[in-house]
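**Student:** Quick one: structure below, then a few questions.
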Amino acid sequence: MGAQTHTDSGTESPDGHEAAALLDDARASVDPVLRAALGSLPGSMRRIALYHFGWEHADGTPAEGNAGKVIRPALVLASAAALGGPEARVAAVGAAAAVELIHNFTLLHDDVMDRDTTRRHRATAWTVFGDADAILAGDALQALALRLLAEDTHPAAPAAAARLADCVVELCAGQQADTAMERRGPGEVGLDEVLAMAEAKTGALLGCACAVGGLYAGAAAEDVSALDAFGREAGLAFQLIDDVIGIWGDPRRTGKPVGADLAARKKSLPVVAALSSDTPAAAELAELYRAPYEEEDELESTVRAVERAGGRDWAQAQAADRMARAMQQLARAVPDPAAAGGLLALSEFVTGRSS
């Protein structure tokens with residue numbers, strides 16, 4: 001997939017239709033498992049978790065909210081199907097739900113640390129229930145994920161649990177690196193460093209999702225490793241596009257205020273690329289980033305500086321490069337193009353989206 005400006009054209013490619021069907025199927029498969037897992041939580045914690053997933057309002061009444069796109073569970077199931085067929089896909093449903101629980105554990109914690117007030121078009125859990133309760137609910141989701149795998153009798157479950165535990169450690173390291181970068185000056189963070197952080201924060205879990213699907217298919221170790229690499233590269237492309245959307249996206253589609261990362265002076269990938277460009281616009285951006293955000297017109301100046309310094313173009317070109325690498329890894333793991341179709345469609349979806 002080539003680098004492009006992401007707009008909502010109102011049309012979908014055939015791959016887009018295939019991805020939508022895979023995501024719908026994943027949702028239908030994992031939602032009952034997720035609801036049962038959340039239902040096992042103590043009352044107060046269950047309420048926070050159900051609110052976060054969009055299935056209840058803050059007062060505990062039922063809601064038909066947005067529980068996310070289930071990209072990670074869909075990758076688990078598509079990887080299992082690609083290498084093990086329909087039976088492997090069915091066997092991997094519990095593991096797919098575990099991966100989604102881990103993803104939501106990270107979201108609950110990240111929202112607290114980043115002080116994000118909106119997610120999925122509604123107030124974040126910490127703004128409704130407080131920091132402590134949101135953090136504890138996230139902890140509980142991680143425990144539920146590990147319990148799902150501990151109770152799974154499939155022979156791949158122990159290896160999947162170990163892989164997911166290693167992934168959580170990597171996710172935490174990536175988040176710690178991200179928060180540490182925020183305390184450093186605008187010229188003190190390099191591109192290689194921020195790319196490594198993004199791989200740990202985003203690529204690791206997408207890679208883990210693909211690898212877990214491969215484990216449930218009984219795939220060879222080299223194929224599981226290639227699936228992990230495919231997911232990591234696609235995940236980095238995902239993060240690059242996500243960072244672009246965070247600056248230039250439509251908040252009506254993203255559910256988050258545009259420019260929030262710039263206002264918070266976060267060193268996202270386009271920003272670090274812009275700061276590293278050694279241009280007059282980079283110097284202007286660095287000057288803006290040294291001072292706290294105060295006025296809305298300043299945000300517009302910051303957006304323009306990132307773009308003039310090449311941050312947007314670099315991020316889109318880098319996303320295309322990472323997707324090319326992802327395709328190479330996918331061809332290693334699943335040489336049959338027909339069998340790889342689901343994974344290809346999902347990777348096109350996550351990097352071709354506008355929200």
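Each chain in the structure tokens gets a letter, A, B, ..., in the order shown, and its residues are numbered from 1; ligands are numbered from 1 in order too.
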Step one, run DSSP on the backbone; step two, keep only residues of segment 99-313 of chain A assigned to strand (DSSP E or B); then write them as a PyMOL selection string.

**Tutor:** chain A and resi 118-119+122-123

**Student:** Which residues come within 10 Å of Val303 of chain A, counting only C-alpha atoms, excluding same-chain residues fewer than 5 positions away, as a PDB file with all heavy atoms, in the first residue's frame?

**Tutor:**
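Just written: result.pdb:
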```pdb
ATOM      1  N   ILE A 247      -3.039  14.277  14.308  1.00  0.00           N
ATOM      2  CA  ILE A 247      -2.757  15.687  14.009  1.00  0.00           C
ATOM      3  C   ILE A 247      -3.714  16.231  12.951  1.00  0.00           C
ATOM      4  O   ILE A 247      -4.225  17.350  13.077  1.00  0.00           O
ATOM      5  CB  ILE A 247      -1.298  15.854  13.533  1.00  0.00           C
ATOM      6  CG1 ILE A 247      -0.325  15.409  14.627  1.00  0.00           C
ATOM      7  CG2 ILE A 247      -1.018  17.309  13.137  1.00  0.00           C
ATOM      8  CD1 ILE A 247       1.137  15.383  14.191  1.00  0.00           C
ATOM      9  N   TRP A 248      -3.983  15.429  11.911  1.00  0.00           N
ATOM     10  CA  TRP A 248      -4.755  15.934  10.773  1.00  0.00           C
ATOM     11  C   TRP A 248      -6.105  15.234  10.602  1.00  0.00           C
ATOM     12  O   TRP A 248      -6.801  15.482   9.628  1.00  0.00           O
ATOM     13  CB  TRP A 248      -3.934  15.785   9.491  1.00  0.00           C
ATOM     14  CG  TRP A 248      -2.728  16.675   9.461  1.00  0.00           C
ATOM     15  CD1 TRP A 248      -2.700  18.004   9.153  1.00  0.00           C
ATOM     16  CD2 TRP A 248      -1.368  16.301   9.759  1.00  0.00           C
ATOM     17  NE1 TRP A 248      -1.410  18.485   9.229  1.00  0.00           N
ATOM     18  CE2 TRP A 248      -0.570  17.462   9.592  1.00  0.00           C
ATOM     19  CE3 TRP A 248      -0.746  15.108  10.140  1.00  0.00           C
ATOM     20  CZ2 TRP A 248       0.805  17.453   9.799  1.00  0.00           C
ATOM     21  CZ3 TRP A 248       0.620  15.098  10.352  1.00  0.00           C
ATOM     22  CH2 TRP A 248       1.389  16.264  10.188  1.00  0.00           C
ATOM     23  N   GLY A 259      -5.351  17.250  17.459  1.00  0.00           N
ATOM     24  CA  GLY A 259      -4.268  18.068  17.995  1.00  0.00           C
ATOM     25  C   GLY A 259      -3.988  17.859  19.467  1.00  0.00           C
ATOM     26  O   GLY A 259      -3.151  18.568  20.036  1.00  0.00           O
ATOM     27  N   LEU A 262      -0.361  17.248  20.142  1.00  0.00           N
ATOM     28  CA  LEU A 262       0.452  18.454  19.969  1.00  0.00           C
ATOM     29  C   LEU A 262       0.287  19.385  21.167  1.00  0.00           C
ATOM     30  O   LEU A 262       1.262  19.961  21.656  1.00  0.00           O
ATOM     31  CB  LEU A 262       0.061  19.183  18.687  1.00  0.00           C
ATOM     32  CG  LEU A 262       0.362  18.485  17.356  1.00  0.00           C
ATOM     33  CD1 LEU A 262      -0.101  19.352  16.191  1.00  0.00           C
ATOM     34  CD2 LEU A 262       1.841  18.142  17.222  1.00  0.00           C
ATOM     35  N   VAL A 271       6.118  14.311  14.589  1.00  0.00           N
ATOM     36  CA  VAL A 271       6.752  15.443  15.270  1.00  0.00           C
ATOM     37  C   VAL A 271       8.255  15.242  15.367  1.00  0.00           C
ATOM     38  O   VAL A 271       9.039  16.157  15.077  1.00  0.00           O
ATOM     39  CB  VAL A 271       6.130  15.643  16.669  1.00  0.00           C
ATOM     40  CG1 VAL A 271       6.983  16.593  17.517  1.00  0.00           C
ATOM     41  CG2 VAL A 271       4.716  16.196  16.538  1.00  0.00           C
ATOM     42  N   LEU A 285       9.217  24.735  15.167  1.00  0.00           N
ATOM     43  CA  LEU A 285       8.493  23.717  15.932  1.00  0.00           C
ATOM     44  C   LEU A 285       9.149  23.489  17.289  1.00  0.00           C
ATOM     45  O   LEU A 285       8.467  23.373  18.317  1.00  0.00           O
ATOM     46  CB  LEU A 285       8.445  22.410  15.135  1.00  0.00           C
ATOM     47  CG  LEU A 285       7.747  21.222  15.794  1.00  0.00           C
ATOM     48  CD1 LEU A 285       6.274  21.533  16.081  1.00  0.00           C
ATOM     49  CD2 LEU A 285       7.858  19.978  14.905  1.00  0.00           C
ATOM     50  N   GLU A 298      -2.151  28.913  18.403  1.00  0.00           N
ATOM     51  CA  GLU A 298      -0.810  28.335  18.528  1.00  0.00           C
ATOM     52  C   GLU A 298      -0.815  26.888  18.040  1.00  0.00           C
ATOM     53  O   GLU A 298       0.162  26.408  17.455  1.00  0.00           O
ATOM     54  CB  GLU A 298      -0.377  28.403  19.994  1.00  0.00           C
ATOM     55  CG  GLU A 298       1.005  27.858  20.289  1.00  0.00           C
ATOM     56  CD  GLU A 298       1.267  27.814  21.775  1.00  0.00           C
ATOM     57  OE1 GLU A 298       1.110  28.858  22.439  1.00  0.00           O
ATOM     58  OE2 GLU A 298       1.600  26.732  22.267  1.00  0.00           O
ATOM     59  N   ARG A 308       5.275  21.579   7.337  1.00  0.00           N
ATOM     60  CA  ARG A 308       6.318  22.235   6.537  1.00  0.00           C
ATOM     61  C   ARG A 308       7.692  21.610   6.770  1.00  0.00           C
ATOM     62  O   ARG A 308       8.535  21.603   5.866  1.00  0.00           O
ATOM     63  CB  ARG A 308       6.363  23.730   6.854  1.00  0.00           C
ATOM     64  CG  ARG A 308       5.213  24.509   6.223  1.00  0.00           C
ATOM     65  CD  ARG A 308       5.388  26.010   6.357  1.00  0.00           C
ATOM     66  NE  ARG A 308       5.187  26.467   7.728  1.00  0.00           N
ATOM     67  CZ  ARG A 308       6.145  26.911   8.530  1.00  0.00           C
ATOM     68  NH1 ARG A 308       7.403  26.968   8.116  1.00  0.00           N
ATOM     69  NH2 ARG A 308       5.867  27.296   9.766  1.00  0.00           N
ATOM     70  N   GLY A 311       7.114  16.360   8.473  1.00  0.00           N
ATOM     71  CA  GLY A 311       6.691  15.286   9.366  1.00  0.00           C
ATOM     72  C   GLY A 311       5.596  14.410   8.792  1.00  0.00           C
ATOM     73  O   GLY A 311       5.646  13.177   8.919  1.00  0.00           O
ATOM     74  N   ARG A 312       4.638  15.045   8.138  1.00  0.00           N
ATOM     75  CA  ARG A 312       3.529  14.269   7.570  1.00  0.00           C
ATOM     76  C   ARG A 312       4.001  13.392   6.419  1.00  0.00           C
ATOM     77  O   ARG A 312       3.679  12.193   6.355  1.00  0.00           O
ATOM     78  CB  ARG A 312       2.426  15.221   7.113  1.00  0.00           C
ATOM     79  CG  ARG A 312       1.156  14.525   6.628  1.00  0.00           C
ATOM     80  CD  ARG A 312       0.097  15.552   6.272  1.00  0.00           C
ATOM     81  NE  ARG A 312      -1.204  14.947   6.067  1.00  0.00           N
ATOM     82  CZ  ARG A 312      -2.333  15.635   5.928  1.00  0.00           C
ATOM     83  NH1 ARG A 312      -2.304  16.961   5.995  1.00  0.00           N
ATOM     84  NH2 ARG A 312      -3.484  15.023   5.731  1.00  0.00           N
TER      85      ARG A 312
END
```

**Student:** With only C-alpha atoms counted and 9 Å as the cut-off, give the residues of segment 14-93 of chain A in contact with segment 338-350 of chain A, each with its shortest interatomic distance in Å and the pair that gives it, as a Markdown table.

**Tutor:**
```
| residue | atom | partner | partner_atom | distance |
| --- | --- | --- | --- | --- |
| A:Pro14 | CA | A:Ala345 | CA | 8.7 |
| A:Asp15 | CA | A:Ala345 | CA | 5.0 |
| A:Gly16 | CA | A:Phe349 | CA | 6.1 |
| A:His17 | CA | A:Ala345 | CA | 8.6 |
| A:Glu18 | CA | A:Ala345 | CA | 6.3 |
| A:Ala19 | CA | A:Leu346 | CA | 5.2 |
| A:Ala20 | CA | A:Phe349 | CA | 8.4 |
| A:Leu22 | CA | A:Gly342 | CA | 7.3 |
| A:Leu23 | CA | A:Leu346 | CA | 8.3 |
| A:Ile71 | CA | A:Leu346 | CA | 7.5 |
| A:Ala74 | CA | A:Leu346 | CA | 7.9 |
| A:Leu75 | CA | A:Leu343 | CA | 6.7 |
| A:Ala78 | CA | A:Gly342 | CA | 5.8 |
| A:Ser79 | CA | A:Leu343 | CA | 6.8 |
| A:Ala81 | CA | A:Ala339 | CA | 7.9 |
| A:Ala82 | CA | A:Ala339 | CA | 5.0 |
| A:Leu83 | CA | A:Ala339 | CA | 7.5 |
| A:Gly85 | CA | A:Ala339 | CA | 8.9 |
```

**Student:** Can I get the selection written as a compact mmCIF listing (two decimals), in the first residue's frame, with all heavy atoms?

**Tutor:**
```txt
# COMPACT_ATOMS: atom_id res chain seq x y z
N PRO A 14 -12.54 -3.82 -2.31
CA PRO A 14 -12.90 -5.19 -1.98
C PRO A 14 -12.20 -5.67 -0.72
O PRO A 14 -12.78 -6.37 0.10
CB PRO A 14 -12.45 -5.98 -3.23
CG PRO A 14 -12.48 -4.98 -4.34
CD PRO A 14 -12.12 -3.67 -3.71
N ASP A 15 -10.91 -5.29 -0.54
CA ASP A 15 -10.21 -5.66 0.68
C ASP A 15 -10.89 -5.05 1.90
O ASP A 15 -10.93 -5.65 2.97
CB ASP A 15 -8.75 -5.18 0.62
CG ASP A 15 -7.86 -6.14 -0.16
OD1 ASP A 15 -8.34 -7.25 -0.45
OD2 ASP A 15 -6.73 -5.77 -0.49
N GLY A 16 -11.43 -3.83 1.73
CA GLY A 16 -12.13 -3.19 2.83
C GLY A 16 -13.36 -3.98 3.23
O GLY A 16 -13.66 -4.13 4.42
N HIS A 17 -14.09 -4.50 2.23
CA HIS A 17 -15.26 -5.32 2.54
C HIS A 17 -14.84 -6.61 3.23
O HIS A 17 -15.51 -7.08 4.16
CB HIS A 17 -16.02 -5.63 1.25
CG HIS A 17 -16.77 -4.46 0.69
ND1 HIS A 17 -17.75 -3.80 1.39
CD2 HIS A 17 -16.67 -3.81 -0.51
CE1 HIS A 17 -18.24 -2.81 0.65
NE2 HIS A 17 -17.59 -2.79 -0.49
N GLU A 18 -13.74 -7.21 2.77
CA GLU A 18 -13.27 -8.45 3.39
C GLU A 18 -12.84 -8.20 4.83
O GLU A 18 -13.17 -8.99 5.73
CB GLU A 18 -12.10 -9.05 2.60
CG GLU A 18 -11.63 -10.38 3.19
CD GLU A 18 -10.51 -11.03 2.40
OE1 GLU A 18 -10.12 -10.49 1.35
OE2 GLU A 18 -10.02 -12.08 2.86
N ALA A 19 -12.13 -7.10 5.06
CA ALA A 19 -11.70 -6.77 6.42
C ALA A 19 -12.91 -6.53 7.32
O ALA A 19 -12.95 -6.99 8.46
CB ALA A 19 -10.80 -5.54 6.41
N ALA A 20 -13.91 -5.81 6.80
CA ALA A 20 -15.11 -5.55 7.60
C ALA A 20 -15.79 -6.85 7.99
O ALA A 20 -16.25 -7.01 9.14
CB ALA A 20 -16.07 -4.65 6.82
N LEU A 22 -14.32 -9.82 8.29
CA LEU A 22 -13.46 -10.49 9.27
C LEU A 22 -13.61 -9.87 10.66
O LEU A 22 -13.65 -10.58 11.67
CB LEU A 22 -12.00 -10.42 8.82
CG LEU A 22 -11.63 -11.28 7.61
CD1 LEU A 22 -10.27 -10.86 7.08
CD2 LEU A 22 -11.63 -12.76 7.98
N LEU A 23 -13.71 -8.54 10.71
CA LEU A 23 -13.88 -7.86 11.99
C LEU A 23 -15.25 -8.18 12.59
O LEU A 23 -15.36 -8.39 13.81
CB LEU A 23 -13.70 -6.36 11.81
CG LEU A 23 -12.27 -5.91 11.44
CD1 LEU A 23 -12.27 -4.45 10.99
CD2 LEU A 23 -11.32 -6.10 12.62
N ILE A 71 -9.40 -5.35 16.11
CA ILE A 71 -8.37 -5.66 15.13
C ILE A 71 -7.48 -6.80 15.63
O ILE A 71 -7.16 -7.74 14.88
CB ILE A 71 -7.54 -4.41 14.82
CG1 ILE A 71 -8.38 -3.39 14.04
CG2 ILE A 71 -6.27 -4.77 14.05
CD1 ILE A 71 -7.78 -2.00 13.99
N ALA A 74 -9.09 -10.21 15.62
CA ALA A 74 -9.26 -10.62 14.23
C ALA A 74 -7.94 -11.14 13.66
O ALA A 74 -7.93 -12.10 12.86
CB ALA A 74 -9.77 -9.44 13.40
N LEU A 75 -6.83 -10.53 14.05
CA LEU A 75 -5.52 -11.01 13.59
C LEU A 75 -5.21 -12.40 14.16
O LEU A 75 -4.63 -13.24 13.46
CB LEU A 75 -4.42 -10.02 14.00
CG LEU A 75 -4.37 -8.72 13.20
CD1 LEU A 75 -3.40 -7.73 13.84
CD2 LEU A 75 -3.97 -8.97 11.74
N ALA A 78 -7.47 -14.77 12.11
CA ALA A 78 -7.05 -14.87 10.71
C ALA A 78 -5.74 -15.63 10.58
O ALA A 78 -5.54 -16.39 9.63
CB ALA A 78 -6.92 -13.47 10.10
N SER A 79 -4.82 -15.43 11.53
CA SER A 79 -3.54 -16.17 11.50
C SER A 79 -3.78 -17.66 11.73
O SER A 79 -3.17 -18.50 11.05
CB SER A 79 -2.59 -15.61 12.56
OG SER A 79 -2.27 -14.27 12.30
N ALA A 81 -6.52 -19.32 11.08
CA ALA A 81 -7.18 -19.86 9.90
C ALA A 81 -6.21 -20.01 8.73
O ALA A 81 -6.29 -20.98 7.96
CB ALA A 81 -8.35 -18.96 9.50
N ALA A 82 -5.30 -19.05 8.57
CA ALA A 82 -4.37 -19.07 7.44
C ALA A 82 -3.48 -20.30 7.46
O ALA A 82 -3.16 -20.86 6.41
CB ALA A 82 -3.52 -17.81 7.44
N LEU A 83 -3.07 -20.72 8.64
CA LEU A 83 -2.13 -21.84 8.75
C LEU A 83 -2.75 -23.12 9.28
O LEU A 83 -2.13 -24.18 9.19
CB LEU A 83 -0.95 -21.44 9.64
CG LEU A 83 0.01 -20.43 9.00
CD1 LEU A 83 1.02 -19.93 10.01
CD2 LEU A 83 0.73 -21.06 7.82
N GLY A 85 -6.58 -23.61 9.20
CA GLY A 85 -7.94 -23.82 8.72
C GLY A 85 -9.00 -23.46 9.74
O GLY A 85 -8.70 -22.94 10.83
```

**Student:** Please compute the atom CA of Pro186 of chain A-atom CA of Tyr289 of chain A distance, one decimal, in Å.

**Tutor:**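 So the two atoms, atom CA of Pro186 of chain A and atom CA of Tyr289 of chain A, lie 6.3 Å apart.
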
**Student:** Mind dumping a table of every segment 158-196 of chain A residue within 10 Å of segment 106-123 of chain A, with the nearest atom pair and its distance in Å to one decimal, using only C-alpha atoms, sorted by chain and rising number, as CSV?

**Tutor:**
```
residue,atom,partner,partner_atom,distance
A:Val168,CA,A:Thr106,CA,8.8
A:Leu171,CA,A:Thr106,CA,8.1
A:Cys172,CA,A:Thr106,CA,8.6
A:Gln175,CA,A:Asp110,CA,8.0
A:Thr179,CA,A:Met113,CA,8.3
```

**Student:** For Gly54 of chain A, list every protein, DNA or RNA residue within 7 Å, evaluated using only C-alpha atoms, and leave out those in the same chain fewer than 3 positions away; present the list as a list in words.

**Tutor:**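 The residues satisfying every condition are Leu50, Tyr51, Ala63, Glu64, Gly65, Asn66 and Ala67 of chain A.
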
**Student:** Skipping near chain neighbours, those fewer than 4 positions away, what residues fall within 8 Å of Leu146 of chain A using only C-alpha atoms, listed as a list in words?

**Tutor:**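 So the residues in contact are Ala98, Gln142, Ala150 and Ala161 of chain A.
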